[in-house]
Amino acid sequence: MPKDLAIILHDGSIESAVTTSLAAQRHRIAMIYVSDDSPGAPRRRGAFDAQAAHFAAQKTWITPPINLDPPKKEPSTTPLQQKMLATIAPIGLAAQAADRWAATTLYLPLRTGPAEDDLARATEYLQIAAELLQLPCNRPDLDITAPILELDLWQVVDLASQLDTPLELTWSCQTSTTPLPCGLCPPCKSRQAAFARAAKPDPLLLIKDRS
């Protein structure tokens with residue numbers, strides 16, 4: 001009997017790659033990438049394409065960027081709230097895709113870490129999103145799951161090694177337009193700290209050392 005189809009909201013990141021590895025254990029794979037206009041966007045799109053090929057995604061969907069003016073002042077929301085806000089539109093797109101593709105599960109690479117307040121807030125958000133799809137949108141058979149929600153990034157890196165996830169195909173840098181990350185932006189520093197904490201070599205840095 002063939003596996004059910006699952007949709008993964010994907011941005012080329014470590015979190016997306018590990019979420020896809022977990023989904024692939026139980027489902028056939030479809031991947032949705034939401035484009036943006038940031039300097040690192042072409043590299044993230046390249047990571048998405050490479051991972052789609054690696055996981056043999058049966059369907060992919062590249063959405064256009066959502067162009068908004070930059071904020072005139074610092075956002076009043078927390079980083080977690082910004083993450084959740086950023087998933088609202090993609091969840092709606094994924095629900096439409098699930099309806100057309102007959103997918104049964106939507107995987108989100110959302111991660112809060114183990115902090116109780118953040119974890120509780122994100123869990124409530126996922127429950128509300130599921131209820132919106134299951135009741136008003138008449139999709140009672142569509143599950144929403146975020147399997148790495150409570151993990152720190154170093155734990156995601158450690159899990160990746162257990163799942164044989166191709167972390168060399170991931171991308172975290174916000175600014176670099178070259179094949180190599182800048183190593184200086186906040187996501188690069190978070191990535192470096194995560195690999196160090198997990199006592200794992202970053203395959204992107206191994207590629208850099210060989211170049």
# chains A, B, ... in the order shown; residues from 1 in each chain; ligands from 1
>>> select_by_dssp(residues="range 76-107 of chain A", states="helix (DSSP H, G or I)", output="PyMOL selection string")
chain A and resi 79-101
>>> residues_around(residues="Gln51 in chain A", least_positions_apart="6", cutoff="9 Å", atoms="only C-alpha atoms", output="PyMOL selection string")
chain A and resi 12+17+20+57+166+169-170
>>> write_last_selection(atoms="C-alpha atoms", output="PDB file, in the first residue's frame")
ATOM      1  CA  GLY A  12      16.421  25.152   2.825  1.00  0.00           C
ATOM      2  CA  ALA A  17      16.000  19.218   6.226  1.00  0.00           C
ATOM      3  CA  THR A  20      11.787  16.363   5.872  1.00  0.00           C
ATOM      4  CA  ALA A  57       9.965  15.033  -3.657  1.00  0.00           C
ATOM      5  CA  PRO A 166      22.268  15.793   4.158  1.00  0.00           C
ATOM      6  CA  LEU A 169      22.603  20.663   1.294  1.00  0.00           C
ATOM      7  CA  THR A 170      21.300  23.146   3.883  1.00  0.00           C
TER       8      THR A 170
END
>>> closest_residue(among="A:Leu205, A:Ala47, A:Asp36, A:Leu85", to="Cys182 in chain A", atoms="only C-alpha atoms")
A:Leu205
>>> select_by_dssp(residues="chain A", states="strand (DSSP E or B)", output="list in words")
Leu5, Ala6, Ile7, Ile8, Leu9, His10, Arg28, Ile29, Ala30, Met31, Ile32, Tyr33, Val34, Lys59, Thr60, Trp61, Ile62, Thr63, Ala103, Thr104, Thr105, Leu106, Tyr107, Asp143, Ile144 and Thr145 of chain A
>>> closest_residue(among="A:Thr63, A:Gln127, A:Thr112, A:Gln174", to="Glu150 in chain A", atoms="only C-alpha atoms")
A:Thr112
>>> residues_around(residues="His10 in chain A", least_positions_apart="6", cutoff="6 Å", atoms="only C-alpha atoms", output="list in words")
Ser16, Ile32 and Tyr33 of chain A
>>> residues_around(residues="Ala89 in chain A", least_positions_apart="3", cutoff="12 Å", atoms="only C-alpha atoms", output="ChimeraX atom specification")
/A:9,32-34,63-66,83-86,92-96,129
>>> residues_around(residues="range 138-142 of chain A", least_positions_apart="2", cutoff="9 Å", atoms="only C-alpha atoms", output="ChimeraX atom specification")
/A:95,98-99,103-106,130-136,144
>>> write_last_selection(atoms="N, CA, C and O atoms", output="compact mmCIF listing (two decimals), in the first residue's frame")
# COMPACT_ATOMS: atom_id res chain seq x y z
N ALA A 95 -2.46 24.37 2.76
CA ALA A 95 -3.79 23.76 2.86
C ALA A 95 -4.43 23.63 1.48
O ALA A 95 -5.08 22.62 1.17
N ALA A 98 -2.66 20.80 -0.19
CA ALA A 98 -3.09 19.52 0.38
C ALA A 98 -4.42 19.10 -0.21
O ALA A 98 -4.66 17.90 -0.47
N ASP A 99 -5.30 20.06 -0.44
CA ASP A 99 -6.61 19.74 -1.00
C ASP A 99 -6.47 19.23 -2.43
O ASP A 99 -7.13 18.25 -2.83
N ALA A 103 -3.01 15.42 0.14
CA ALA A 103 -2.04 15.19 1.22
C ALA A 103 -2.77 15.06 2.55
O ALA A 103 -3.83 15.65 2.76
N THR A 104 -2.19 14.29 3.46
CA THR A 104 -2.83 14.05 4.75
C THR A 104 -2.17 14.78 5.91
O THR A 104 -2.77 14.90 6.98
N THR A 105 -0.93 15.25 5.73
CA THR A 105 -0.18 15.84 6.83
C THR A 105 0.61 17.04 6.34
O THR A 105 1.17 17.01 5.25
N LEU A 106 0.64 18.07 7.17
CA LEU A 106 1.45 19.24 6.91
C LEU A 106 2.52 19.34 7.99
O LEU A 106 2.21 19.41 9.18
N ALA A 130 -4.65 24.14 13.33
CA ALA A 130 -5.27 22.88 12.95
C ALA A 130 -6.79 22.98 13.00
O ALA A 130 -7.50 22.48 12.11
N GLU A 131 -7.33 23.65 14.03
CA GLU A 131 -8.78 23.79 14.14
C GLU A 131 -9.34 24.63 13.00
O GLU A 131 -10.43 24.35 12.48
N LEU A 132 -8.60 25.66 12.57
CA LEU A 132 -9.07 26.49 11.46
C LEU A 132 -9.17 25.68 10.17
O LEU A 132 -10.08 25.87 9.36
N LEU A 133 -8.22 24.78 9.96
CA LEU A 133 -8.25 23.96 8.76
C LEU A 133 -9.30 22.87 8.87
O LEU A 133 -9.98 22.54 7.89
N GLN A 134 -9.44 22.30 10.04
CA GLN A 134 -10.31 21.13 10.19
C GLN A 134 -11.79 21.49 10.25
O GLN A 134 -12.63 20.71 9.81
N LEU A 135 -12.12 22.69 10.76
CA LEU A 135 -13.53 23.05 10.89
C LEU A 135 -13.99 24.01 9.79
O LEU A 135 -14.68 23.58 8.86
N PRO A 136 -13.57 25.28 9.79
CA PRO A 136 -14.06 26.18 8.74
C PRO A 136 -13.66 25.76 7.34
O PRO A 136 -14.42 25.94 6.39
N ILE A 144 -1.54 18.80 11.26
CA ILE A 144 -0.41 19.72 11.28
C ILE A 144 0.53 19.28 12.39
O ILE A 144 0.11 19.09 13.54
>>> residues_around(residues="Ala115 in chain A", least_positions_apart="6", cutoff="12 Å", atoms="only C-alpha atoms", output="list of chain:residue names")
A:Leu80, A:Arg121, A:Ala122, A:Thr123, A:Leu149, A:Glu150, A:Leu151, A:Asp152
>>> atom_distance(atom1="CA of Pro203 in chain A", atom2="CA of Leu167 in chain A")
6.6 Å
>>> atom_distance(atom1="CA of Ser176 in chain A", atom2="CA of Gly113 in chain A")
26.3 Å
>>> closest_residue(among="A:Leu5, A:Leu184, A:Asp117, A:Ser13", to="Arg44 in chain A", atoms="only C-alpha atoms")
A:Ser13
>>> closest_residue(among="A:Ala41, A:Val18, A:Ala24, A:Ile88", to="Thr177 in chain A", atoms="only C-alpha atoms")
A:Ala41
>>> residues_around(residues="Ala30 in chain A", least_positions_apart="6", cutoff="7 Å", atoms="only C-alpha atoms", output="mmCIF file with all heavy atoms, in the first residue's frame")
data_model
loop_
_atom_site.group_PDB
_atom_site.id
_atom_site.type_symbol
_atom_site.label_atom_id
_atom_site.label_comp_id
_atom_site.auth_asym_id
_atom_site.auth_seq_id
_atom_site.Cartn_x
_atom_site.Cartn_y
_atom_site.Cartn_z
ATOM 1 N N LEU A 5 0.719 11.132 1.234
ATOM 2 C CA LEU A 5 1.551 12.276 0.877
ATOM 3 C C LEU A 5 1.556 13.290 2.020
ATOM 4 O O LEU A 5 0.507 13.579 2.610
ATOM 5 C CB LEU A 5 1.028 12.932 -0.397
ATOM 6 C CG LEU A 5 1.873 14.068 -0.976
ATOM 7 C CD1 LEU A 5 3.145 13.509 -1.612
ATOM 8 C CD2 LEU A 5 1.072 14.870 -2.011
ATOM 9 N N ALA A 6 2.734 13.807 2.334
ATOM 10 C CA ALA A 6 2.872 14.882 3.320
ATOM 11 C C ALA A 6 3.506 16.087 2.653
ATOM 12 O O ALA A 6 4.346 15.954 1.757
ATOM 13 C CB ALA A 6 3.726 14.428 4.500
ATOM 14 N N ILE A 7 3.106 17.278 3.099
ATOM 15 C CA ILE A 7 3.658 18.531 2.598
ATOM 16 C C ILE A 7 4.561 19.124 3.674
ATOM 17 O O ILE A 7 4.178 19.189 4.848
ATOM 18 C CB ILE A 7 2.546 19.525 2.243
ATOM 19 C CG1 ILE A 7 1.726 18.999 1.064
ATOM 20 C CG2 ILE A 7 3.124 20.904 1.915
ATOM 21 C CD1 ILE A 7 0.509 19.837 0.744
ATOM 22 N N ILE A 8 5.755 19.547 3.274
ATOM 23 C CA ILE A 8 6.678 20.206 4.192
ATOM 24 C C ILE A 8 6.855 21.648 3.749
ATOM 25 O O ILE A 8 7.222 21.908 2.597
ATOM 26 C CB ILE A 8 8.049 19.497 4.234
ATOM 27 C CG1 ILE A 8 7.910 18.073 4.753
ATOM 28 C CG2 ILE A 8 9.011 20.250 5.142
ATOM 29 C CD1 ILE A 8 7.736 17.045 3.680
ATOM 30 N N ALA A 57 11.282 14.425 -3.864
ATOM 31 C CA ALA A 57 9.965 15.033 -3.657
ATOM 32 C C ALA A 57 9.092 14.805 -4.886
ATOM 33 O O ALA A 57 9.510 15.070 -6.017
ATOM 34 C CB ALA A 57 10.112 16.525 -3.385
ATOM 35 N N GLN A 58 7.886 14.326 -4.657
ATOM 36 C CA GLN A 58 6.991 14.044 -5.771
ATOM 37 C C GLN A 58 6.348 15.300 -6.323
ATOM 38 O O GLN A 58 5.951 15.336 -7.494
ATOM 39 C CB GLN A 58 5.930 13.037 -5.325
ATOM 40 C CG GLN A 58 6.533 11.699 -4.902
ATOM 41 C CD GLN A 58 5.502 10.610 -4.795
ATOM 42 O OE1 GLN A 58 4.306 10.831 -5.030
ATOM 43 N NE2 GLN A 58 5.935 9.414 -4.451
ATOM 44 N N LYS A 59 6.240 16.313 -5.481
ATOM 45 C CA LYS A 59 5.693 17.587 -5.921
ATOM 46 C C LYS A 59 6.445 18.710 -5.227
ATOM 47 O O LYS A 59 6.828 18.584 -4.058
ATOM 48 C CB LYS A 59 4.190 17.687 -5.600
ATOM 49 C CG LYS A 59 3.336 16.678 -6.361
ATOM 50 C CD LYS A 59 1.870 16.839 -6.017
ATOM 51 C CE LYS A 59 1.014 15.812 -6.748
ATOM 52 N NZ LYS A 59 1.009 16.034 -8.209
ATOM 53 N N THR A 60 6.662 19.810 -5.932
ATOM 54 C CA THR A 60 7.245 21.006 -5.333
ATOM 55 C C THR A 60 6.442 22.215 -5.813
ATOM 56 O O THR A 60 5.842 22.203 -6.886
ATOM 57 C CB THR A 60 8.721 21.195 -5.714
ATOM 58 O OG1 THR A 60 8.838 21.295 -7.145
ATOM 59 C CG2 THR A 60 9.570 20.036 -5.215
#
>>> closest_residue(among="A:Leu153, A:Leu180, A:Ile29, A:Cys188", to="Ala102 in chain A", atoms="only C-alpha atoms")
A:Ile29
>>> atom_distance(atom1="CA of Tyr125 in chain A", atom2="CA of Ser35 in chain A")
23.2 Å
>>> closest_residue(among="A:Leu159, A:Ala50, A:Ala56, A:Met31", to="Tyr107 in chain A", atoms="only C-alpha atoms")
A:Met31
